[in-house]
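**Q** Sharing a structure with you now.
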Amino acid sequence: MTSTSPPPVAARPKRIFPKTTGLTALWRHRQSLTVLVRRDLAVKYQATVMGYLWSLIEPLGLAFIYWFIFGVLYDRGGLPAEVEYPLYIVSGIFAWQWMSSAMTEATTSLTSQASLITTMRVPREVFPVARVFARFAEFLAGIPILLAFVYFFDGQIGWHTFNLFFAVAMHFMILTGLSFILASINVLFRDVQRFMRLVMRVLFYGMPIIYPLEKVVGPDSPLDSWVQTAYQVNPFVGIMQLYRSAWIPQIVPSTFQILVSVGFCVFLLFFGRWLFYKLEPAVLKEI
Amino acid sequence: MYEEPIIEAHNLGVRFAVGRKRKAKLREMFIHRGKERSSGGQEFWPLRNLSFSVQPGEAVGVIGSNGTGKSTLLRLIAGVLLPDEGTVLRRGRVAPLIALSAGFSGDLTGRENVHLVASLHGMSRQQLKAKFDEIVAFAEVEDHIDTPVRHYSSGMKVRLGFSVISQLEHPILLVDEALAVGDKRFKQKCYKVMRALLDEGRTLVLVSHSERDLTRFCTRGLYLNRGELQVDGTVDEALAAYQQVEDQKVPV
């Protein structure tokens, strides 16, 4: 070692957990985020004739099936008389579509983009978050359709419509948190991505999307009260009710459901970010 | 010569778990964080106790036989791997060409990949617009720019990767073996570009097995052996040490 040996430097802290949960880093790298989101959307619809229409056809197709089964064959799924099943299912299914595709795709967001992650220094957080944003863009594309259903199936617009913004904000928080958790753990244990199909299936039937909440919770429910409580501990129950309440004022999420949802949203966002930070060195080695 | 170093590594070390040890590691990560466990276990340090610093404008060659941690070191400097021990500090952004790839994904076309990679490296849209044709022309892939990269030959990929990376304005350039793949004519072009970049005052860290490439650019050499920095001196000293160790090995 000659003149180039390093001058003594005070020990630096290794890595500091960003107290802003890395949101400032995301903001600084918003260009990367936009690039990834745009790339995501472009790739998904490349070589398809109908392009972006697919993001509408899929949820509408599902909505049609559920309308046929529950709206027609099964006595409107037990909805109160003044609520139309088509509006009920469509207002839920678009939110569900966002959440299910965001969670599924965020899970593989690191593993499938290993070539980028191992060669360039972009904050790794942008990869799962970009998936949540890209699928949110599809959700936005569905809003006009949703409004058409509101118009034709007796939806009501008023102050309660602002609940949509709260629902979206909460959904964003919880999905971002979950995407951090799923993406990082999936690098270490690829079992996660196999497991996701089942998890999504359970979640789908475990929240009021195709049936009304009253079937599970309330005086008419055949279930024990502890099962009813357990059901409502699912944070997505409150969020889904909030989405519905934007157009259907008869649906009002209970304080308990809202508190559970808010609690989970805040907790998962911070815990997810923390876990991601903790696992990052291992993730970069394994990927 | 007491400028602040542009790259500073202090006591750098990185550890890989061997085999099925990984799950235990996960648990350990949460329970005893930071505590060095003395129970031997199955672990392997591709690099350890590395300290060095690089001044702005220096050209450093990293030398060593296969599996001695050269690429790991480059990944640590690039920040795409995080050290388990010590720190590495960069005072400037890094333009890395690691593992023969600039991070291209096979299902995207050359054009899309150039856009993606360049923008992720912080190139603005205007800059990219201005430089796109030059990037493509330099890589000589004009006819295939709208073909998915998975149909590219390895030479084409490296050419396009080098072309993008060399257009970045970042002060630190990391190049890993890339020059070994291109054909002779392309190498000559790369030499010219690298020389020009060095003359601009960029800092270069080059990993190579080619003595010619190393002596052509590098003033300084780091010789790595079994994850340790054995020589930090001129490129000739590092090459001599490398040669000496290689000669002692059992002849093929």
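Just so we're on the same page: first chain in the structure tokens is A, next is B, and so on; residues restart at 1 for each chain, and ligands are numbered from 1 in the order they show up.
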Any idea what's packed within 7 Å of range 5-16 of chain B, counting only C-alpha atoms, ignoring anything in its chain fewer than 5 positions away? Could you give it as an NGL selection string?
**A** :B and (43-56 or 83-92)
**Q** Could you list, as a ChimeraX atom specification, every residue of chain A that has an atom within 6 Å of an atom of chain B, counting only C-alpha atoms?
**A** /A:1,6,32,115-116,118-119,121,281,284
**Q** Extract, using only C-alpha atoms, all DNA, RNA and protein residues at most 12 Å from Asn163 in chain A, discarding same-chain residues fewer than 2 positions from it, and format them as a VMD selection string.
**A** chain A and resid 157 to 161 165 to 170 238 to 249 251 to 253 258
**Q** Which residues come within 10 Å of range 198-200 of chain B, counting only C-alpha atoms, excluding same-chain residues fewer than 2 positions away, as number ranges by chain?
**A** B: 57-59, 171, 173, 192-196, 202-204, 217-218
**Q** As a ChimeraX atom specification, please: every residue in range 132-246 of chain B that a backbone DSSP assignment puts in helix (DSSP H, G or I).
**A** /B:132-139,142-144,149-151,154-167,178-180,184-199,211-217,235-246
**Q** So which residues touch Ile185 in chain A within 12 Å, counting only C-alpha atoms, skipping near sequence neighbours fewer than 4 positions away, as a PyMOL selection string?
**A** (chain A and resi 106-111+128+178-181+189-193+272+275-280+282-284+286-287) or (chain B and resi 23+26)
**Q** Using only C-alpha atoms, pick whichever of A:Leu268, A:Val37, A:Val90, A:Val233 has the shortest atom-to-atom distance to Ala148 in chain A.
**A**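 Between A:Leu268, A:Val37, A:Val90, A:Val233, the residue approaching Ala148 in chain A most closely is A:Val90.
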**Q** Check the smallest atom-to-atom distance from each of B:Ser208, B:Gly64, B:Leu73, B:His170 to Glu246 in chain B using only C-alpha atoms, then report the winner.
**A**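 Under the stated criterion, the closest residue is B:Gly64.
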**Q** Find the spatial neighbours of Lys157 in chain B, counting only C-alpha atoms, within a cut-off of 12 Å - ignore same-chain residues fewer than 3 positions away - and output them as number ranges by chain.
**A** B: 97, 99-106, 109-110, 113-114, 136, 139-141, 144-145, 147-154, 160-164, 178, 181-182
